[in-house]
Amino acid sequence: MARRKSSWSKTWREIERAAKAAERESIKRQKETEKAYQAAIKAAEKQAKEQYTHNRQGYVEHQNQQIERLLKSLGSILEVGLQRTFDFEKITSNVLSIPIPLHPGQAPTEPEIRRYAVQKSTPTTLEKFTGLGKAKRIREHQALQKEKSKQYKYAIGGYQRKLAEYNKKLDAYNEAVETKEAAIALFREQLQSKLPAAVKAYFRLVIAESPYPTSFPKKGQLSYNAETGELILEFDLPTYDAIMPKVKGYKYIKTRDEVQELQLTKTNEREMKTLYEEVIAAMALRTIHEVFKSDAMDAVKSVVFNGMVDAV
């Protein structure tokens, strides 16, 4: 009896040891899982901070590049104008804003009658010898012919409606093209005759299409004297504040998470004022150059450029 009790005690101790070992292993795994989870959180936070810093630095680089591009475009105002080419045919075609409808494309296709033809019915062997089924075959053949004829008439009707609509659109297109071509031809004749209204409209488009930065105004007045060939331009000029950068650049301070504006120094301000004056002078020279270079009809003998700045 005592021996049996000792055996049960031994078994129970083994069970307890196994349970404690399993509990320790479970606790160990929980700690490892928690450690891995915390590490993942820290890694994600680090990655997010790095991405945030990268984005802020990218923003600053973009802003600085914008300033660089602006200064480059301002410095090349005259060069861009000198490189312009002018196509008299294209310019005179664009002066008149006569809307042209879209071409209707290809005409609709007429239905083919052969697609609705019914093949001749053939009698069966039984019908040939006995005549049985002949009447039924003839009725069915005639019914099929009637149905196909109906389908063809319906298709032809649809085709005719589409063709009428197509011809209507094509006529409208051709009429608009002819109207615009006639108007363009008349406009070119007026230019060759140096009609003041035509000459002003022509040079107004030449100047309007001159590529300037978006901050530049494109407003002004033109007057033309056909007897003297003098073209007077009243040209709106951009203000200093409208086109010149307000700061030297930008800098990102990581420790304070702050984008700092780099203020212009006295030297920078002098350089900016000099650049602005050069831009204004370049606009005058460029505009006069564009007028003479685009003057295919030799209408202009002299140009008066009056630049005006809308400033308080």
# chains A, B, ... in the order shown; residues from 1 in each chain; ligands from 1
>>> select_by_dssp(residues="segment 5-137 of chain A", states="alpha helix (DSSP H)", output="short mmCIF file (atom, residue, chain, number, x, y, z; two decimals) with N, CA and C atoms, in the first residue's frame")
data_model
loop_
_atom_site.label_atom_id
_atom_site.label_comp_id
_atom_site.auth_asym_id
_atom_site.auth_seq_id
_atom_site.Cartn_x
_atom_site.Cartn_y
_atom_site.Cartn_z
N LYS A 5 1.39 4.44 -2.96
CA LYS A 5 1.32 5.86 -2.64
C LYS A 5 2.55 6.59 -3.15
N SER A 6 3.70 5.97 -2.98
CA SER A 6 4.96 6.55 -3.45
C SER A 6 4.94 6.73 -4.97
N SER A 7 4.37 5.79 -5.67
CA SER A 7 4.28 5.85 -7.15
C SER A 7 3.40 7.02 -7.58
N TRP A 8 2.27 7.20 -6.93
CA TRP A 8 1.37 8.33 -7.25
C TRP A 8 2.04 9.67 -6.96
N SER A 9 2.79 9.74 -5.87
CA SER A 9 3.49 10.98 -5.51
C SER A 9 4.51 11.35 -6.57
N LYS A 10 5.21 10.34 -7.06
CA LYS A 10 6.22 10.56 -8.08
C LYS A 10 5.58 11.07 -9.38
N THR A 11 4.49 10.46 -9.74
CA THR A 11 3.78 10.87 -10.96
C THR A 11 3.26 12.30 -10.84
N TRP A 12 2.74 12.64 -9.69
CA TRP A 12 2.21 13.99 -9.47
C TRP A 12 3.32 15.04 -9.55
N ARG A 13 4.50 14.72 -8.98
CA ARG A 13 5.63 15.65 -9.04
C ARG A 13 6.07 15.88 -10.50
N GLU A 14 6.04 14.83 -11.28
CA GLU A 14 6.41 14.96 -12.70
C GLU A 14 5.42 15.84 -13.45
N ILE A 15 4.14 15.67 -13.11
CA ILE A 15 3.11 16.50 -13.73
C ILE A 15 3.32 17.98 -13.38
N GLU A 16 3.62 18.22 -12.11
CA GLU A 16 3.84 19.60 -11.65
C GLU A 16 5.05 20.21 -12.36
N ARG A 17 6.13 19.41 -12.45
CA ARG A 17 7.33 19.93 -13.13
C ARG A 17 7.04 20.25 -14.60
N ALA A 18 6.28 19.37 -15.25
CA ALA A 18 5.94 19.60 -16.66
C ALA A 18 5.07 20.84 -16.82
N ALA A 19 4.13 21.02 -15.86
CA ALA A 19 3.25 22.19 -15.93
C ALA A 19 4.03 23.48 -15.73
N LYS A 20 4.97 23.45 -14.76
CA LYS A 20 5.78 24.63 -14.51
C LYS A 20 6.69 24.94 -15.70
N ALA A 21 7.23 23.87 -16.29
CA ALA A 21 8.09 24.07 -17.48
C ALA A 21 7.28 24.68 -18.63
N ALA A 22 6.05 24.18 -18.82
CA ALA A 22 5.19 24.71 -19.87
C ALA A 22 4.84 26.17 -19.59
N GLU A 23 4.61 26.48 -18.32
CA GLU A 23 4.27 27.85 -17.94
C GLU A 23 5.46 28.78 -18.20
N ARG A 24 6.68 28.29 -17.84
CA ARG A 24 7.87 29.10 -18.09
C ARG A 24 8.07 29.35 -19.59
N GLU A 25 7.83 28.28 -20.38
CA GLU A 25 7.98 28.41 -21.83
C GLU A 25 6.95 29.39 -22.40
N SER A 26 5.73 29.33 -21.84
CA SER A 26 4.68 30.25 -22.30
C SER A 26 5.04 31.69 -21.97
N ILE A 27 5.53 31.89 -20.74
CA ILE A 27 5.93 33.24 -20.33
C ILE A 27 7.08 33.75 -21.21
N LYS A 28 8.02 32.86 -21.51
CA LYS A 28 9.16 33.21 -22.35
C LYS A 28 8.70 33.65 -23.75
N ARG A 29 7.75 32.86 -24.32
CA ARG A 29 7.25 33.19 -25.64
C ARG A 29 6.48 34.52 -25.63
N GLN A 30 5.71 34.75 -24.56
CA GLN A 30 4.98 36.01 -24.44
C GLN A 30 5.94 37.19 -24.39
N LYS A 31 7.04 37.03 -23.62
CA LYS A 31 8.03 38.10 -23.53
C LYS A 31 8.70 38.35 -24.88
N GLU A 32 9.01 37.23 -25.58
CA GLU A 32 9.64 37.37 -26.89
C GLU A 32 8.69 38.06 -27.88
N THR A 33 7.40 37.66 -27.81
CA THR A 33 6.41 38.28 -28.70
C THR A 33 6.26 39.76 -28.39
N GLU A 34 6.19 40.10 -27.10
CA GLU A 34 6.07 41.49 -26.69
C GLU A 34 7.30 42.30 -27.12
N LYS A 35 8.48 41.66 -26.99
CA LYS A 35 9.72 42.33 -27.38
C LYS A 35 9.73 42.60 -28.89
N ALA A 36 9.31 41.58 -29.65
CA ALA A 36 9.27 41.74 -31.11
C ALA A 36 8.24 42.81 -31.50
N TYR A 37 7.11 42.84 -30.80
CA TYR A 37 6.07 43.83 -31.08
C TYR A 37 6.58 45.25 -30.81
N GLN A 38 7.24 45.42 -29.66
CA GLN A 38 7.79 46.73 -29.33
C GLN A 38 8.87 47.16 -30.32
N ALA A 39 9.67 46.18 -30.76
CA ALA A 39 10.71 46.48 -31.74
C ALA A 39 10.10 46.92 -33.06
N ALA A 40 9.00 46.25 -33.44
CA ALA A 40 8.32 46.61 -34.69
C ALA A 40 7.73 48.01 -34.60
N ILE A 41 7.17 48.34 -33.41
CA ILE A 41 6.61 49.68 -33.22
C ILE A 41 7.71 50.73 -33.33
N LYS A 42 8.85 50.47 -32.68
CA LYS A 42 9.96 51.42 -32.74
C LYS A 42 10.48 51.58 -34.17
N ALA A 43 10.55 50.45 -34.88
CA ALA A 43 11.03 50.52 -36.27
C ALA A 43 10.07 51.32 -37.14
N ALA A 44 8.75 51.11 -36.93
CA ALA A 44 7.75 51.84 -37.70
C ALA A 44 7.80 53.33 -37.37
N GLU A 45 7.97 53.64 -36.07
CA GLU A 45 8.06 55.04 -35.66
C GLU A 45 9.30 55.70 -36.26
N LYS A 46 10.41 54.96 -36.26
CA LYS A 46 11.65 55.48 -36.83
C LYS A 46 11.49 55.73 -38.32
N GLN A 47 10.87 54.76 -39.01
CA GLN A 47 10.65 54.90 -40.44
C GLN A 47 9.74 56.09 -40.74
N ALA A 48 8.69 56.25 -39.91
CA ALA A 48 7.76 57.37 -40.11
C ALA A 48 8.48 58.71 -39.90
N LYS A 49 9.34 58.78 -38.88
CA LYS A 49 10.09 60.01 -38.61
C LYS A 49 11.04 60.31 -39.77
N GLU A 50 11.71 59.26 -40.27
CA GLU A 50 12.64 59.44 -41.38
C GLU A 50 11.90 59.91 -42.63
N GLN A 51 10.71 59.32 -42.86
CA GLN A 51 9.92 59.71 -44.03
C GLN A 51 9.43 61.14 -43.88
N TYR A 52 9.04 61.52 -42.68
CA TYR A 52 8.58 62.88 -42.42
C TYR A 52 9.71 63.87 -42.69
N THR A 53 10.89 63.56 -42.17
CA THR A 53 12.06 64.42 -42.37
C THR A 53 12.39 64.52 -43.86
N HIS A 54 12.32 63.38 -44.53
CA HIS A 54 12.60 63.35 -45.97
C HIS A 54 11.60 64.23 -46.72
N ASN A 55 10.33 64.16 -46.35
CA ASN A 55 9.30 64.97 -47.00
C ASN A 55 9.53 66.47 -46.77
N ARG A 56 9.89 66.81 -45.53
CA ARG A 56 10.13 68.22 -45.22
C ARG A 56 11.35 68.74 -45.99
N GLN A 57 12.40 67.92 -46.05
CA GLN A 57 13.58 68.32 -46.81
C GLN A 57 13.26 68.42 -48.30
N GLY A 58 12.41 67.48 -48.77
CA GLY A 58 12.01 67.53 -50.17
C GLY A 58 11.22 68.79 -50.49
N TYR A 59 10.38 69.19 -49.55
CA TYR A 59 9.61 70.43 -49.73
C TYR A 59 10.54 71.63 -49.85
N VAL A 60 11.52 71.68 -48.98
CA VAL A 60 12.48 72.79 -49.00
C VAL A 60 13.26 72.80 -50.31
N GLU A 61 13.70 71.61 -50.75
CA GLU A 61 14.44 71.52 -52.01
C GLU A 61 13.57 72.00 -53.18
N HIS A 62 12.29 71.61 -53.14
CA HIS A 62 11.38 72.03 -54.20
C HIS A 62 11.22 73.54 -54.21
N GLN A 63 11.06 74.15 -53.03
CA GLN A 63 10.91 75.60 -52.94
C GLN A 63 12.16 76.31 -53.46
N ASN A 64 13.33 75.79 -53.10
CA ASN A 64 14.58 76.39 -53.56
C ASN A 64 14.74 76.24 -55.07
N GLN A 65 14.31 75.09 -55.60
CA GLN A 65 14.36 74.89 -57.05
C GLN A 65 13.42 75.84 -57.77
N GLN A 66 12.28 76.12 -57.15
CA GLN A 66 11.33 77.08 -57.74
C GLN A 66 11.97 78.46 -57.86
N ILE A 67 12.69 78.86 -56.83
CA ILE A 67 13.37 80.16 -56.85
C ILE A 67 14.44 80.17 -57.93
N GLU A 68 15.20 79.07 -58.03
CA GLU A 68 16.26 78.97 -59.04
C GLU A 68 15.67 79.05 -60.46
N ARG A 69 14.55 78.33 -60.67
CA ARG A 69 13.92 78.36 -61.99
C ARG A 69 13.38 79.74 -62.32
N LEU A 70 12.82 80.41 -61.31
CA LEU A 70 12.30 81.76 -61.51
C LEU A 70 13.42 82.71 -61.93
N LEU A 71 14.53 82.67 -61.20
CA LEU A 71 15.65 83.55 -61.52
C LEU A 71 16.22 83.25 -62.91
N LYS A 72 16.25 81.97 -63.24
CA LYS A 72 16.75 81.58 -64.57
C LYS A 72 15.83 82.10 -65.67
N SER A 73 14.51 81.97 -65.46
CA SER A 73 13.57 82.44 -66.47
C SER A 73 13.61 83.95 -66.61
N LEU A 74 13.80 84.66 -65.49
CA LEU A 74 13.89 86.12 -65.54
C LEU A 74 15.16 86.54 -66.29
N GLY A 75 16.23 85.80 -66.09
CA GLY A 75 17.48 86.14 -66.74
C GLY A 75 17.50 85.82 -68.22
N ILE A 77 14.73 86.30 -70.34
CA ILE A 77 13.58 86.93 -70.98
C ILE A 77 13.91 87.34 -72.42
N LEU A 78 15.03 88.03 -72.62
CA LEU A 78 15.40 88.49 -73.95
C LEU A 78 15.78 87.32 -74.85
N GLU A 79 16.54 86.38 -74.32
CA GLU A 79 17.00 85.22 -75.11
C GLU A 79 15.82 84.42 -75.66
N VAL A 80 14.80 84.20 -74.82
CA VAL A 80 13.62 83.44 -75.26
C VAL A 80 12.93 84.15 -76.42
N GLY A 81 12.80 85.48 -76.33
CA GLY A 81 12.16 86.24 -77.39
C GLY A 81 12.95 86.21 -78.69
N LEU A 82 14.29 86.26 -78.58
CA LEU A 82 15.12 86.24 -79.78
C LEU A 82 15.07 84.89 -80.49
N GLN A 83 14.73 83.84 -79.74
CA GLN A 83 14.68 82.50 -80.33
C GLN A 83 13.31 82.18 -80.95
N PHE A 88 3.62 83.13 -90.54
CA PHE A 88 2.56 84.05 -90.93
C PHE A 88 1.25 83.33 -91.18
N GLU A 89 1.30 82.18 -91.86
CA GLU A 89 0.09 81.42 -92.17
C GLU A 89 -0.61 80.98 -90.88
N LYS A 90 0.18 80.50 -89.92
CA LYS A 90 -0.39 80.01 -88.65
C LYS A 90 -0.97 81.15 -87.83
N ILE A 91 -0.24 82.26 -87.76
CA ILE A 91 -0.71 83.39 -86.97
C ILE A 91 -2.03 83.93 -87.52
N THR A 92 -2.07 84.12 -88.82
CA THR A 92 -3.28 84.68 -89.43
C THR A 92 -4.45 83.70 -89.37
N SER A 93 -4.14 82.41 -89.26
CA SER A 93 -5.22 81.42 -89.13
C SER A 93 -5.81 81.42 -87.74
N ASN A 94 -5.01 81.86 -86.75
CA ASN A 94 -5.46 81.82 -85.35
C ASN A 94 -6.08 83.14 -84.89
N VAL A 95 -5.91 84.19 -85.67
CA VAL A 95 -6.44 85.49 -85.24
C VAL A 95 -7.95 85.47 -85.14
N THR A 125 -36.14 14.31 -100.94
CA THR A 125 -36.30 13.14 -101.81
C THR A 125 -37.74 12.65 -101.79
N LEU A 126 -38.36 12.69 -100.58
CA LEU A 126 -39.75 12.26 -100.45
C LEU A 126 -40.66 13.13 -101.29
N GLU A 127 -40.40 14.43 -101.28
CA GLU A 127 -41.24 15.35 -102.06
C GLU A 127 -41.08 15.11 -103.55
N LYS A 128 -39.86 14.80 -103.96
CA LYS A 128 -39.61 14.56 -105.38
C LYS A 128 -40.45 13.38 -105.92
N PHE A 129 -40.58 12.34 -105.10
CA PHE A 129 -41.28 11.14 -105.56
C PHE A 129 -42.78 11.18 -105.27
N THR A 130 -43.15 11.84 -104.17
CA THR A 130 -44.57 11.79 -103.75
C THR A 130 -45.27 13.15 -103.80
N LYS A 134 -44.50 19.74 -100.32
CA LYS A 134 -44.17 20.81 -101.26
C LYS A 134 -44.85 22.14 -100.86
N ALA A 135 -46.12 22.08 -100.55
CA ALA A 135 -46.85 23.30 -100.20
C ALA A 135 -46.26 23.96 -98.95
N LYS A 136 -45.91 23.13 -97.96
CA LYS A 136 -45.32 23.65 -96.71
C LYS A 136 -43.98 24.31 -96.98
N ARG A 137 -43.18 23.65 -97.83
CA ARG A 137 -41.86 24.20 -98.14
C ARG A 137 -41.98 25.56 -98.83
#
>>> closest_atom_pairs(of="segment 131-221 of chain A", to="segment 293-306 of chain A", cutoff="12 Å", atoms="only C-alpha atoms", output="tab-separated table")
residue	atom	partner	partner_atom	distance
A:Arg188	CA	A:Met297	CA	9.1
A:Glu189	CA	A:Met297	CA	10.0
A:Gln190	CA	A:Met297	CA	10.2
A:Leu191	CA	A:Met297	CA	6.8
A:Gln192	CA	A:Met297	CA	5.7
A:Ser193	CA	A:Ala299	CA	8.8
A:Lys194	CA	A:Ala299	CA	6.0
A:Leu195	CA	A:Ala299	CA	9.3
A:Pro196	CA	A:Ala299	CA	9.6
A:Ala198	CA	A:Ala299	CA	10.7
A:Val199	CA	A:Ala299	CA	7.6
A:Lys200	CA	A:Ala299	CA	10.5
A:Tyr202	CA	A:Asp295	CA	9.2
A:Phe203	CA	A:Ser294	CA	8.2
A:Arg204	CA	A:Ser294	CA	11.5
A:Leu205	CA	A:Ser294	CA	10.7
A:Val206	CA	A:Ser294	CA	7.5
A:Ile207	CA	A:Ser294	CA	10.0
A:Glu209	CA	A:Ser294	CA	12.0
A:Ser210	CA	A:Ser294	CA	11.6
A:Gly220	CA	A:Asn306	CA	9.6
A:Gln221	CA	A:Asn306	CA	9.8
>>> residues_around(residues="Ala172 of chain A", least_positions_apart="4", cutoff="9 Å", atoms="only C-alpha atoms", output="PDB file with C-alpha atoms, in the first residue's frame")
ATOM      1  CA  ILE A 100     -15.173  74.737 -86.559  1.00  0.00           C
ATOM      2  CA  PRO A 101     -17.362  71.729 -85.683  1.00  0.00           C
ATOM      3  CA  ASN A 167     -24.541  64.832 -94.681  1.00  0.00           C
ATOM      4  CA  LYS A 168     -26.027  67.526 -92.455  1.00  0.00           C
ATOM      5  CA  ALA A 176     -17.652  76.514 -91.415  1.00  0.00           C
ATOM      6  CA  VAL A 177     -14.322  75.691 -93.036  1.00  0.00           C
TER       7      VAL A 177
END
>>> closest_residue(among="A:Gln160, A:Ser121, A:Gln142, A:Ser149", to="Pro108 of chain A", atoms="only C-alpha atoms")
A:Gln160
>>> select_by_dssp(residues="segment 79-239 of chain A", states="strand (DSSP E)", output="NGL selection string")
:A and (220-225 or 230-237)
>>> residues_around(residues="Glu110 of chain A", least_positions_apart="5", cutoff="9 Å", atoms="only C-alpha atoms", output="PDB file with C-alpha atoms, in the first residue's frame")
ATOM      1  CA  ALA A 155     -31.786  48.439 -92.458  1.00  0.00           C
ATOM      2  CA  ILE A 156     -32.055  50.709 -95.503  1.00  0.00           C
ATOM      3  CA  TYR A 159     -28.953  53.804 -93.185  1.00  0.00           C
ATOM      4  CA  GLN A 160     -30.794  56.638 -94.945  1.00  0.00           C
ATOM      5  CA  LEU A 163     -26.700  59.246 -94.036  1.00  0.00           C
TER       6      LEU A 163
END
>>> closest_residue(among="A:Leu186, A:Leu264, A:Leu132, A:Ile113", to="Tyr154 of chain A", atoms="only C-alpha atoms")
A:Ile113
>>> closest_residue(among="A:Asp310, A:Glu175, A:Glu227, A:Glu140", to="His103 of chain A", atoms="only C-alpha atoms")
A:Glu175
>>> closest_residue(among="A:Thr124, A:Phe86, A:Gly133, A:Arg161", to="Thr109 of chain A", atoms="only C-alpha atoms")
A:Arg161
>>> atom_distance(atom1="atom CA of Lys218 of chain A", atom2="atom CA of Phe235 of chain A")
8.1 Å
